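Q: File model-v9.cif below, mmCIF, C-alpha atoms:
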data_protein
#
loop_
_atom_site.label_atom_id
_atom_site.label_comp_id
_atom_site.auth_asym_id
_atom_site.auth_seq_id
_atom_site.Cartn_x
_atom_site.Cartn_y
_atom_site.Cartn_z
CA MET A 1 120.10 72.26 173.61
CA ALA A 2 119.89 70.90 170.07
CA ALA A 3 116.10 70.97 170.33
CA LEU A 4 116.14 74.49 171.74
CA MET A 5 118.39 75.57 168.88
CA THR A 6 115.36 75.26 166.59
CA VAL A 7 113.41 77.88 168.56
CA ASN A 8 113.71 81.38 167.13
CA ASP A 9 113.02 84.74 168.72
CA PRO A 10 109.96 85.94 166.73
CA GLU A 11 111.26 89.53 166.53
CA LEU A 12 114.97 88.91 165.98
CA HIS A 13 114.50 85.86 163.71
CA ALA A 14 117.44 84.00 165.19
CA SER A 15 117.85 80.99 167.48
CA ILE A 16 117.33 81.77 171.16
CA VAL A 17 120.40 79.62 171.86
CA ARG A 18 122.62 81.51 169.43
CA LEU A 19 121.31 84.79 170.85
CA GLY A 20 122.43 83.69 174.33
CA MET A 21 118.90 83.84 175.71
CA VAL A 22 118.91 80.32 177.22
CA LYS A 23 120.47 80.15 180.69
CA ASP A 24 120.82 77.73 183.61
CA VAL A 25 119.48 74.59 181.94
CA ALA A 26 118.94 71.72 184.41
CA VAL A 27 117.72 68.25 183.42
CA GLU A 28 116.36 65.78 185.96
CA GLY A 29 115.02 62.70 184.22
CA ARG A 30 112.20 63.95 182.00
CA ALA A 31 111.94 67.28 183.79
CA VAL A 32 113.72 70.43 182.59
CA ARG A 33 114.27 73.79 184.24
CA LEU A 34 115.72 76.72 182.36
CA THR A 35 115.85 80.49 182.25
CA VAL A 36 115.07 82.56 179.18
CA GLU A 37 116.71 85.99 179.21
CA LEU A 38 114.62 88.29 177.03
CA THR A 39 115.88 91.44 175.35
CA THR A 40 113.21 93.42 177.22
CA PRO A 41 110.94 92.65 180.18
CA ALA A 42 108.09 94.15 178.12
CA CYS A 43 108.44 91.51 175.38
CA PRO A 44 105.02 91.17 173.70
CA LEU A 45 105.79 87.68 172.37
CA ARG A 46 106.81 85.88 175.55
CA ASP A 47 103.85 83.49 175.30
CA THR A 48 104.83 82.65 171.73
CA ILE A 49 108.40 81.86 172.80
CA GLU A 50 107.15 79.62 175.60
CA GLN A 51 104.82 77.73 173.26
CA ASP A 52 107.66 77.21 170.77
CA ILE A 53 109.98 75.94 173.52
CA ARG A 54 107.39 73.44 174.72
CA ALA A 55 106.72 72.33 171.14
CA ALA A 56 110.45 71.76 170.58
CA LEU A 57 111.02 69.76 173.80
CA GLU A 58 107.95 67.51 173.84
CA PRO A 59 109.09 65.33 170.89
CA ILE A 60 112.31 64.40 172.71
CA GLY A 61 110.39 63.14 175.75
CA ILE A 62 110.37 66.11 178.11
CA GLU A 63 107.29 65.78 180.34
CA SER A 64 107.79 68.66 182.76
CA LEU A 65 109.12 72.10 181.89
CA SER A 66 109.71 75.05 184.21
CA ILE A 67 110.74 78.37 182.65
CA ALA A 68 112.05 81.33 184.63
CA TRP A 69 112.05 84.65 182.79
CA GLY A 70 114.71 87.34 182.94
CA ALA A 71 115.66 90.31 180.80
CA ASN A 72 118.84 92.02 179.70
CA VAL A 73 118.16 95.37 178.03
CA ARG A 74 121.06 96.45 175.85
CA ALA A 75 122.06 100.08 175.40
CA SER A 76 121.61 102.05 172.20
CA ASN A 77 124.81 103.20 170.51
CA PRO A 78 125.39 106.97 170.28
CA LYS A 79 126.12 108.52 166.90
CA GLU A 80 129.00 110.89 166.27
CA GLY A 81 128.63 114.07 168.30
CA GLN A 82 126.03 112.63 170.66
CA LYS A 83 126.62 112.40 174.40
CA PRO A 84 125.24 109.35 176.20
CA VAL A 85 123.02 110.06 179.19
CA GLU A 86 124.72 108.53 182.23
CA ASN A 87 123.01 105.36 183.53
CA VAL A 88 120.44 105.39 180.70
CA ARG A 89 120.38 102.53 178.17
CA ASN A 90 117.69 103.70 175.77
CA ILE A 91 115.83 106.95 175.12
CA ILE A 92 112.28 106.90 173.74
CA ALA A 93 110.82 110.19 172.52
CA VAL A 94 107.07 110.80 172.30
CA ALA A 95 106.18 113.58 169.89
CA SER A 96 103.54 115.26 167.79
CA ASN A 97 103.45 118.42 165.74
CA LYS A 98 100.12 119.49 167.18
CA GLY A 99 98.96 120.16 170.71
CA GLY A 100 95.91 118.55 172.25
CA VAL A 101 96.33 115.09 170.74
CA GLY A 102 97.11 113.35 174.04
CA LYS A 103 100.87 113.12 173.66
CA SER A 104 101.55 113.56 177.39
CA THR A 105 98.90 110.95 178.21
CA VAL A 106 100.60 108.48 175.87
CA ALA A 107 104.08 109.28 177.26
CA THR A 108 102.88 108.89 180.87
CA ASN A 109 101.16 105.58 180.32
CA LEU A 110 103.91 104.24 178.07
CA ALA A 111 106.41 104.84 180.88
CA VAL A 112 104.18 103.29 183.54
CA ALA A 113 103.39 100.29 181.31
CA LEU A 114 107.10 99.60 180.79
CA ALA A 115 107.68 99.87 184.54
CA LYS A 116 104.78 97.48 185.24
CA ALA A 117 106.43 94.97 182.90
CA GLY A 118 109.55 95.04 185.07
CA ALA A 119 111.73 97.60 183.30
CA ARG A 120 113.58 100.43 185.03
CA VAL A 121 112.05 103.57 183.60
CA GLY A 122 112.50 107.34 183.73
CA LEU A 123 110.35 110.10 182.25
CA ILE A 124 111.30 113.66 181.30
CA ASP A 125 108.68 116.37 180.95
CA ALA A 126 110.39 118.31 178.14
CA ASP A 127 107.38 120.53 177.46
CA ILE A 128 109.17 123.40 179.20
CA THR A 129 106.48 126.03 178.67
CA GLY A 130 103.59 123.71 179.55
CA PRO A 131 104.73 121.09 182.08
CA ASN A 132 101.74 119.01 183.12
CA LEU A 133 103.20 115.62 183.99
CA PRO A 134 103.38 116.45 187.72
CA THR A 135 99.57 116.71 187.68
CA MET A 136 99.25 113.42 185.81
CA PHE A 137 101.39 111.73 188.47
CA GLY A 138 99.64 113.37 191.42
CA LEU A 139 102.64 115.51 192.38
CA GLN A 140 102.42 119.06 193.69
CA ALA A 141 103.64 121.86 191.42
CA GLY A 142 106.77 123.51 192.82
CA LEU A 143 107.53 120.64 195.19
CA GLN A 144 111.32 121.16 194.78
CA ARG A 145 111.40 124.98 194.53
CA ASP A 146 113.07 125.30 197.95
CA SER A 147 115.46 122.38 197.47
CA THR A 148 119.18 123.07 197.79
CA GLU A 149 120.03 120.01 195.67
CA GLY A 150 118.54 121.27 192.40
CA LEU A 151 116.14 119.33 190.23
CA ARG A 152 115.87 115.64 191.12
CA ALA A 153 113.82 112.72 189.85
CA VAL A 154 110.79 111.69 191.91
CA GLU A 155 109.65 108.06 191.77
CA ARG A 156 105.94 107.42 191.25
CA TYR A 157 104.25 104.23 189.99
CA GLY A 158 107.71 102.76 189.34
CA VAL A 159 108.74 105.69 187.10
CA HIS A 160 111.47 108.24 187.90
CA LEU A 161 109.94 111.53 186.77
CA VAL A 162 111.61 114.92 186.23
CA SER A 163 109.76 118.11 185.27
CA ILE A 164 110.56 121.79 185.41
CA GLY A 165 107.14 121.97 187.00
CA PHE A 166 108.83 120.72 190.19
CA LEU A 167 110.44 124.18 190.45
CA LEU A 168 107.44 126.34 189.54
CA PRO A 169 104.45 127.19 191.74
CA LYS A 170 101.12 126.37 190.11
CA GLY A 171 100.13 128.88 187.43
CA THR A 172 103.64 130.30 186.94
CA PRO A 173 104.34 130.83 183.21
CA VAL A 174 107.66 130.02 181.55
CA VAL A 175 108.38 132.84 179.07
CA TRP A 176 111.57 131.68 177.35
CA ARG A 177 112.97 131.98 173.86
CA GLY A 178 113.86 128.92 171.80
CA PRO A 179 117.58 128.64 172.65
CA MET A 180 116.80 128.73 176.37
CA ILE A 181 114.31 125.89 175.93
CA GLY A 182 116.87 123.81 174.04
CA SER A 183 119.41 124.41 176.80
CA ALA A 184 116.88 123.39 179.46
CA VAL A 185 116.21 120.09 177.67
CA ARG A 186 119.94 119.32 177.58
CA GLN A 187 120.16 120.03 181.30
CA LEU A 188 117.25 117.71 182.05
CA LEU A 189 119.04 114.98 180.14
CA HIS A 190 122.57 115.37 181.45
CA ASP A 191 122.48 117.31 184.73
CA VAL A 192 119.85 115.28 186.55
CA PRO A 193 121.40 112.30 188.42
CA TRP A 194 119.47 109.39 186.89
CA PRO A 195 119.40 105.95 188.49
CA ASP A 196 120.15 102.90 186.36
CA LEU A 197 117.44 102.96 183.67
CA ASP A 198 116.50 100.61 180.84
CA TYR A 199 114.32 103.25 179.22
CA LEU A 200 114.07 107.03 179.52
CA VAL A 201 110.84 108.33 177.95
CA ILE A 202 110.81 111.99 176.88
CA ASP A 203 107.53 113.86 176.50
CA LEU A 204 108.40 116.50 173.89
CA PRO A 205 106.53 119.76 173.37
CA PRO A 206 104.38 119.95 170.22
CA GLY A 207 105.92 121.21 167.03
CA THR A 208 109.32 121.05 165.35
CA SER A 209 110.91 123.14 168.08
CA ASP A 210 114.31 123.75 169.62
CA ALA A 211 113.49 121.19 172.32
CA ALA A 212 113.02 118.38 169.80
CA MET A 213 116.01 119.35 167.67
CA SER A 214 118.34 119.85 170.65
CA MET A 215 117.43 116.47 172.09
CA ALA A 216 117.74 114.63 168.76
CA GLN A 217 121.15 116.13 168.00
CA ASP A 218 122.56 115.87 171.51
CA ALA A 219 121.47 112.46 172.83
CA PRO A 220 121.36 108.92 171.39
CA ILE A 221 117.61 108.49 170.89
CA ALA A 222 116.59 104.90 170.23
CA GLY A 223 113.48 106.12 168.41
CA VAL A 224 110.35 108.23 168.51
CA VAL A 225 106.63 107.48 168.86
CA ILE A 226 104.39 109.87 166.90
CA VAL A 227 100.95 110.58 168.40
CA SER A 228 98.04 111.74 166.28
CA THR A 229 94.25 111.82 166.30
CA PRO A 230 92.25 110.55 163.30
CA GLN A 231 91.29 113.88 161.71
CA GLU A 232 93.13 115.16 158.66
CA VAL A 233 94.63 118.30 160.26
CA SER A 234 96.29 116.21 162.96
CA ILE A 235 97.61 113.72 160.41
CA GLU A 236 99.16 116.56 158.39
CA ASP A 237 100.98 117.87 161.46
CA ALA A 238 102.12 114.39 162.51
CA SER A 239 103.59 113.85 159.05
CA LYS A 240 105.69 116.99 159.49
CA ALA A 241 107.06 115.66 162.78
CA ILE A 242 107.96 112.37 161.10
CA SER A 243 109.79 114.26 158.34
CA MET A 244 111.75 116.25 160.92
CA PHE A 245 112.95 113.18 162.80
CA GLU A 246 113.89 111.41 159.59
CA LYS A 247 116.03 114.41 158.62
CA LEU A 248 117.65 114.26 162.06
CA ASP A 249 118.38 110.53 161.50
CA VAL A 250 116.17 109.44 164.42
CA PRO A 251 114.30 106.14 163.88
CA VAL A 252 110.52 106.48 163.95
CA PHE A 253 109.00 103.53 165.82
CA GLY A 254 105.57 104.24 164.40
CA MET A 255 102.34 106.17 164.79
CA VAL A 256 99.65 105.95 167.46
CA GLU A 257 96.05 106.97 166.81
CA ASN A 258 94.72 108.49 170.03
CA MET A 259 91.02 109.31 170.57
CA SER A 260 90.39 106.71 167.89
CA TYR A 261 86.75 105.91 168.71
CA PHE A 262 84.20 105.99 171.51
CA VAL A 263 81.99 103.14 172.70
CA ALA A 264 78.90 104.31 174.59
CA PRO A 265 78.87 102.44 177.92
CA ASP A 266 75.07 102.26 178.08
CA THR A 267 74.35 100.97 174.57
CA GLY A 268 77.69 99.60 173.31
CA THR A 269 77.31 101.72 170.17
CA ARG A 270 80.59 102.84 168.65
CA TYR A 271 81.08 106.43 167.49
CA ASP A 272 84.02 107.67 165.42
CA ILE A 273 83.91 111.19 166.86
CA PHE A 274 87.06 112.46 165.15
CA GLY A 275 86.91 110.02 162.25
CA HIS A 276 88.78 106.73 162.29
CA GLY A 277 91.75 105.11 160.63
CA GLY A 278 93.51 108.28 159.53
CA ALA A 279 96.71 107.51 161.43
CA ARG A 280 96.82 103.92 160.13
CA ASN A 281 96.41 105.12 156.55
CA ALA A 282 99.05 107.81 157.04
CA ALA A 283 101.48 105.28 158.51
CA ASP A 284 100.97 103.03 155.49
CA GLU A 285 101.56 105.94 153.10
CA LEU A 286 104.68 107.05 154.97
CA GLY A 287 106.08 103.52 155.23
CA ILE A 288 106.20 103.39 159.03
CA ASP A 289 104.60 101.03 161.53
CA PHE A 290 101.14 101.63 162.94
CA LEU A 291 101.40 100.93 166.69
CA GLY A 292 97.76 100.95 167.72
CA GLU A 293 94.47 102.69 168.42
CA ILE A 294 93.59 104.19 171.80
CA PRO A 295 89.86 104.75 172.33
CA ILE A 296 88.20 107.69 174.05
CA GLU A 297 87.32 106.62 177.59
CA PRO A 298 86.29 108.89 180.47
CA ALA A 299 88.63 106.97 182.79
CA VAL A 300 91.69 108.23 180.88
CA ARG A 301 90.81 111.86 181.62
CA GLN A 302 89.57 111.15 185.13
CA ASP A 303 92.71 109.21 186.06
CA ALA A 304 95.00 111.88 184.61
CA ASP A 305 93.24 114.60 186.60
CA ALA A 306 93.44 112.43 189.72
CA GLY A 307 97.17 111.83 189.22
CA THR A 308 96.84 108.10 188.53
CA PRO A 309 97.73 106.86 185.00
CA VAL A 310 95.02 104.66 183.47
CA VAL A 311 97.32 101.64 182.98
CA TYR A 312 97.77 101.66 186.76
CA ALA A 313 94.27 102.65 187.88
CA HIS A 314 92.17 100.71 185.34
CA PRO A 315 94.43 98.05 183.79
CA GLU A 316 91.47 96.10 182.36
CA SER A 317 90.15 99.07 180.37
CA ALA A 318 90.43 99.10 176.58
CA SER A 319 92.69 102.16 176.74
CA ALA A 320 95.09 100.57 179.23
CA LYS A 321 95.33 97.38 177.19
CA ALA A 322 96.02 99.38 174.03
CA LEU A 323 98.74 101.41 175.76
CA GLU A 324 100.40 98.31 177.23
CA HIS A 325 100.36 96.70 173.79
CA ILE A 326 102.02 99.79 172.32
CA ALA A 327 104.67 99.73 175.07
CA GLY A 328 105.50 96.12 174.20
CA LEU A 329 105.81 96.92 170.50
CA VAL A 330 108.14 99.85 171.20
CA ALA A 331 110.37 97.78 173.49
CA ALA A 332 110.52 95.00 170.90
CA ARG A 333 111.35 97.50 168.16
CA ILE A 334 114.32 98.76 170.18
CA SER A 335 115.60 95.18 170.47
CA VAL A 336 115.31 94.70 166.71
CA LEU A 337 117.16 97.93 165.93
CA GLN A 338 119.96 96.96 168.31
CA ARG A 339 120.21 93.57 166.64
CA MET A 340 120.52 95.34 163.29
CA GLY A 341 123.23 97.61 164.70
CA VAL A 342 121.17 100.78 164.23
#
Can the structure from this file be put into C-alpha cells for me?

A:
Amino acid sequence: MAALMTVNDPELHASIVRLGMVKDVAVEGRAVRLTVELTTPACPLRDTIEQDIRAALEPIGIESLSIAWGANVRASNPKEGQKPVENVRNIIAVASNKGGVGKSTVATNLAVALAKAGARVGLIDADITGPNLPTMFGLQAGLQRDSTEGLRAVERYGVHLVSIGFLLPKGTPVVWRGPMIGSAVRQLLHDVPWPDLDYLVIDLPPGTSDAAMSMAQDAPIAGVVIVSTPQEVSIEDASKAISMFEKLDVPVFGMVENMSYFVAPDTGTRYDIFGHGGARNAADELGIDFLGEIPIEPAVRQDADAGTPVVYAHPESASAKALEHIAGLVAARISVLQRMGV
C-alpha cells in the first residue's frame, strides 16, 4: 500500500490510495491481486494507471499482478434552484448555435461510446421541432403514439433513448412557440421514469433557444460539448453558444470539430473540404479545451440512415475512434470537476 500510495490518478493529480480507488488487495507470496475503482468506466487513462501501478510494485519484488477494474461514477451537485433528475448522476449537453453541423450525430455516438465503455447511459432528443434521433437508432417514428403509459425510454445499443418523435407519425410537424418547447424539455427531464444512469446526454436544438435556457436553469448540468465545423460562420455561431452557457454558469467541456477533413479511400489524399483547424483555434482563443477532430466518412452518414451509430457499426473507423476518444475526455472532465467541487 505504501508503494501504491505513490501512484497518482493522471486527471485528479492525487494518490489512488487517498482517493479510495484501491480495493480488495490480496498478497500471496510475490503475487498481488487488487481492484482499481475508477471515477468513470470510460476513463481514457486506464492504461497509464496500470503502467504506473506495475512500475511502483516491481521494485518491491512483486512478480505477478492481476488488476480488476471497476467504476464508481459520482453525481454532480445541483445549484440553487435546480431540480435533480431522479436516478441520473450526471447530465451532458451537446449543443451548437447552428444547424447542420452534426450535433445529433455527435450526441448519438457520444452516448453509445459511453455505454460501450460500461456506463449506464440515457439520451434525450431535445430538438422538439426536429426530432431525428429515432431514425439514427433505427426506431419507428410514432412507436408510442398509442401507448397508455405516456412517453417512455427505449433501450437501443445500451442507451435509454427518449424522443418526442416516439409520439409523432413520420412527417408530422411540431408547430410550438418557445415557452411550450421549454416546458416540453422540462417534462422530458423530470416526467420520464429514468433507470439508474451514470450519464444522461441531451441533444439540444440549435441556437440559444428556450430549450437550452430552460434545461440549463432547471437541471444540474455537469457540462456542455460544443459542436462546430471548421468554417468561419460555424465558428462564429459556436462562440455565441459558448457565451450563452458561460452566462448560465454551465461548464463548457470543450469544442469538437466535426467534418474536419476527408481522406479519399482510393488515393489516401486528404482534403480539407470545409477548411481545417478553425474549431481548435477558436477553442484556444476562448480559453476552452479542444476535444477532437471528427473526419468526414461515408460510413457515418450511412450508419445514421440505417439506424446504427458508427461507433457500434464500424468501431475501427477513424470517426468512431475520434468519437470514443471524445467520450473518454468528457467523462474524465466530469470527474475532475467533481473533484474540484464544481

Q: Can you pull out the residues contacting region 261-273 of chain A? Cut-off 10 Å, using all atoms listed in the file, and skip same-chain residues under 3 positions away; I want them as an MDAnalysis selection string.

A: chainID A and resid 229:231 257:258 276:277 293:298

Q: Taking into account all atoms listed in the file, which residue in the set A:Gln82, A:Ser319, A:Asn87, A:Ser15 is nearest to Pro195 (chain A)?

A: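 Answer, going by the shortest atom-to-atom distance: A:Asn87.
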
Q: When you look at region 154-157 of chain A with a cut-off of 10 Å (counting all atoms listed in the file), what residues show up, excluding the ones that are within fewer than 6 positions of it in the same chain? I need them as an MDAnalysis selection string.

A: chainID A and resid 111:113 115:116 121:123 134 137:139 144 163 166 308:309 312

Q: Please expand the PyMOL selection byres ((chain A and resi 19) around 10) into the concrete residues it hits in this file, giving the result as a list in words.

A: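 Against this file, the PyMOL selection byres ((chain A and resi 19) around 10) returns the residues Met5, Asn8, Asp9, Leu12, His13, Ala14, Ser15, Ile16, Val17, Arg18, Gly20, Met21, Val22, Glu37, Leu38, Thr39 and Arg339 of chain A.
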
Q: Can you tell me which residues surround Asp24 (chain A) at a distance of at most 9 Å, considering all atoms listed in the file, apart from same-chain residues fewer than 6 positions away, and format the answer as a PyMOL selection string?

A: chain A and resi 33-36

Q: With a cut-off of 8 Å, could you pull out the residues of region 75-157 of chain A touching region 41-45 of chain A and give me the nearest pair of atoms for each, distance in Å to one decimal, using all atoms listed in the file, ordered by chain and ascending number, as JSON lines?

A:
{"residue": "A:Leu114", "atom": "CA", "partner": "A:Ala42", "partner_atom": "CA", "distance": 6.1}
{"residue": "A:Ala117", "atom": "CA", "partner": "A:Ala42", "partner_atom": "CA", "distance": 5.1}
{"residue": "A:Gly118", "atom": "CA", "partner": "A:Pro41", "partner_atom": "CA", "distance": 5.6}
{"residue": "A:Ala119", "atom": "CA", "partner": "A:Pro41", "partner_atom": "CA", "distance": 5.9}

Q: Closest to Glu11 (chain A) among A:Arg30, A:Arg280, A:Arg46, A:His314, using only C-alpha atoms?

A: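 Answer, going by the shortest atom-to-atom distance: A:Arg46.
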
Q: Give me the residues of region 70-126 of chain A that have any atom at most 7 Å from an atom of region 208-225 of chain A; for each, the nearest atom pair and the distance in Å, rounded to one decimal. Use all atoms listed in the file, sort by chain and number, and format it as a Markdown table.

A:
| residue | atom | partner | partner_atom | distance |
| --- | --- | --- | --- | --- |
| A:Ser76 | CA | A:Ala222 | CA | 6.1 |
| A:Asn77 | CA | A:Pro220 | CA | 6.7 |
| A:Pro78 | CA | A:Pro220 | CA | 4.6 |
| A:Lys79 | CA | A:Pro220 | CA | 6.6 |
| A:Gln82 | CA | A:Asp218 | CA | 4.8 |
| A:Lys83 | CA | A:Ala219 | CA | 5.4 |
| A:Pro84 | CA | A:Ala219 | CA | 5.9 |
| A:Val85 | CA | A:Ala219 | CA | 7.0 |
| A:Asn90 | CA | A:Ala222 | CA | 5.8 |
| A:Ile91 | CA | A:Ile221 | CA | 4.8 |
| A:Ile92 | CA | A:Gly223 | CA | 5.5 |
| A:Ala93 | CA | A:Val224 | CA | 4.5 |
| A:Val94 | CA | A:Val225 | CA | 4.8 |
| A:Ala95 | CA | A:Val225 | CA | 6.2 |
| A:Asn97 | CA | A:Thr208 | CA | 6.4 |

Q: Please compute the CA of Ile235 (chain A)-CA of Glu324 (chain A) distance, one decimal, in Å.

A: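 A separation of 23.0 Å between them.
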
Q: Could you tell me how far CA of Gly278 (chain A) lies from CA of Ser228 (chain A), in Å and to one decimal?

A: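 If I compute the distance from CA of Gly278 (chain A) to CA of Ser228 (chain A), I get 8.8 Å.
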
Q: Please measure the separation of CA of Gly142 (chain A) and CA of Val300 (chain A), giving the value in Å to one decimal.

A: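 Taking CA of Gly142 (chain A) and CA of Val300 (chain A), their separation equals 24.6 Å.
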
Q: Hey, what's within 10 Å of Ala31 (chain A) if we count all atoms listed in the file and toss same-chain stuff fewer than 4 positions away? As a ChimeraX atom specification, please?

A: /A:26-27,61-66

Q: Check the smallest atom-to-atom distance from each of A:Leu200, A:Pro205, A:Val256, A:Phe245 to Ala153 (chain A) using all atoms listed in the file, then report the winner.

A: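 With all atoms listed in the file as the atom set, the closest residue is A:Leu200.
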
Q: Do you know which residues the PyMOL selection byres ((chain A and resi 192) around 12) returns on this file, as a PyMOL selection string?

A: chain A and resi 85-88+122-124+149-154+160-164+184-191+193-195

Q: Determine the nearest neighbour of Ala238 (chain A) from the options A:Ala318, A:Val101, A:Val73, A:Val106, counting all atoms listed in the file.

A: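 Closest residue, counting all atoms listed in the file: A:Val101.
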
Q: For each of A:Leu110, A:Val159, A:Met136, A:Ala279, take the minimum atom-to-atom distance to Val330 (chain A), counting only C-alpha atoms, then give the residue where this is smallest.

A: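 Among the listed residues, the smallest separation from Val330 (chain A) belongs to A:Leu110.
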
Q: When you look at Arg74 (chain A) with a cut-off of 9 Å (counting only C-alpha atoms), what residues show up, excluding the ones that are within fewer than 3 positions of it in the same chain? I need them as a PyMOL selection string.

A: chain A and resi 39-40+89-90+198+335+338

Q: To test your reading of the syntax: which residues would the PyMOL selection byres ((chain A and resi 173) around 10) return for the file shown? Reply as an MDAnalysis selection string.

A: chainID A and resid 128:131 168:172 174:176

Q: Using all atoms listed in the file, which of the listed residues (A:Ala241, A:Val201, A:Ile288, A:Asn72) sits closest to Asn109 (chain A)?

A: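 Of A:Ala241, A:Val201, A:Ile288, A:Asn72, the one nearest Asn109 (chain A) is A:Val201, counting all atoms listed in the file.
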
Q: Hey, can I get the axis-aligned box for region 65-68 of chain A? All listed atoms, 3 Å padding on each side, centre and edge lengths in Å to one decimal, as JSON.

A:
{"center_x": 110.6, "center_y": 76.7, "center_z": 183.3, "size_x": 8.9, "size_y": 15.2, "size_z": 8.7}

Q: Once N, CA and C atoms are restored for region 128-144 of chain A, what would the output be as a PDB file, in the coordinates of the input?

A:
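That gives us rebuild-v1.pdb:
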ATOM      1  N   ILE A 128     108.684 122.417 178.230  1.00  0.00           N
ATOM      2  CA  ILE A 128     109.170 123.400 179.200  1.00  0.00           C
ATOM      3  C   ILE A 128     108.138 124.481 179.494  1.00  0.00           C
ATOM      4  N   THR A 129     107.437 124.944 178.469  1.00  0.00           N
ATOM      5  CA  THR A 129     106.480 126.030 178.670  1.00  0.00           C
ATOM      6  C   THR A 129     105.100 125.546 179.124  1.00  0.00           C
ATOM      7  N   GLY A 130     104.888 124.241 179.110  1.00  0.00           N
ATOM      8  CA  GLY A 130     103.590 123.710 179.550  1.00  0.00           C
ATOM      9  C   GLY A 130     103.739 122.398 180.278  1.00  0.00           C
ATOM     10  N   PRO A 131     104.503 122.367 181.375  1.00  0.00           N
ATOM     11  CA  PRO A 131     104.730 121.090 182.080  1.00  0.00           C
ATOM     12  C   PRO A 131     103.477 120.649 182.834  1.00  0.00           C
ATOM     13  N   ASN A 132     102.926 119.494 182.430  1.00  0.00           N
ATOM     14  CA  ASN A 132     101.740 119.010 183.120  1.00  0.00           C
ATOM     15  C   ASN A 132     101.859 117.579 183.637  1.00  0.00           C
ATOM     16  N   LEU A 133     103.036 116.982 183.477  1.00  0.00           N
ATOM     17  CA  LEU A 133     103.200 115.620 183.990  1.00  0.00           C
ATOM     18  C   LEU A 133     103.132 115.534 185.506  1.00  0.00           C
ATOM     19  N   PRO A 134     103.583 116.557 186.265  1.00  0.00           N
ATOM     20  CA  PRO A 134     103.380 116.450 187.720  1.00  0.00           C
ATOM     21  C   PRO A 134     101.918 116.214 188.084  1.00  0.00           C
ATOM     22  N   THR A 135     100.999 116.900 187.416  1.00  0.00           N
ATOM     23  CA  THR A 135      99.570 116.710 187.680  1.00  0.00           C
ATOM     24  C   THR A 135      99.152 115.281 187.353  1.00  0.00           C
ATOM     25  N   MET A 136      99.629 114.762 186.229  1.00  0.00           N
ATOM     26  CA  MET A 136      99.250 113.420 185.810  1.00  0.00           C
ATOM     27  C   MET A 136      99.783 112.342 186.740  1.00  0.00           C
ATOM     28  N   PHE A 137     100.826 112.681 187.504  1.00  0.00           N
ATOM     29  CA  PHE A 137     101.390 111.730 188.470  1.00  0.00           C
ATOM     30  C   PHE A 137     100.984 112.068 189.903  1.00  0.00           C
ATOM     31  N   GLY A 138     100.102 113.030 190.074  1.00  0.00           N
ATOM     32  CA  GLY A 138      99.640 113.370 191.420  1.00  0.00           C
ATOM     33  C   GLY A 138     100.679 114.047 192.273  1.00  0.00           C
ATOM     34  N   LEU A 139     101.564 114.830 191.654  1.00  0.00           N
ATOM     35  CA  LEU A 139     102.640 115.510 192.380  1.00  0.00           C
ATOM     36  C   LEU A 139     102.370 117.013 192.405  1.00  0.00           C
ATOM     37  N   GLN A 140     102.698 117.631 193.495  1.00  0.00           N
ATOM     38  CA  GLN A 140     102.420 119.060 193.690  1.00  0.00           C
ATOM     39  C   GLN A 140     103.355 119.915 192.856  1.00  0.00           C
ATOM     40  N   ALA A 141     102.809 120.899 192.156  1.00  0.00           N
ATOM     41  CA  ALA A 141     103.640 121.860 191.420  1.00  0.00           C
ATOM     42  C   ALA A 141     104.546 122.603 192.391  1.00  0.00           C
ATOM     43  N   GLY A 142     105.809 122.780 191.984  1.00  0.00           N
ATOM     44  CA  GLY A 142     106.770 123.510 192.820  1.00  0.00           C
ATOM     45  C   GLY A 142     107.282 122.742 194.009  1.00  0.00           C
ATOM     46  N   LEU A 143     107.163 121.429 194.004  1.00  0.00           N
ATOM     47  CA  LEU A 143     107.530 120.640 195.190  1.00  0.00           C
ATOM     48  C   LEU A 143     109.026 120.710 195.508  1.00  0.00           C
ATOM     49  N   GLN A 144     109.880 121.083 194.527  1.00  0.00           N
ATOM     50  CA  GLN A 144     111.320 121.160 194.780  1.00  0.00           C
ATOM     51  C   GLN A 144     111.837 122.604 194.677  1.00  0.00           C
TER      52      GLN A 144
END
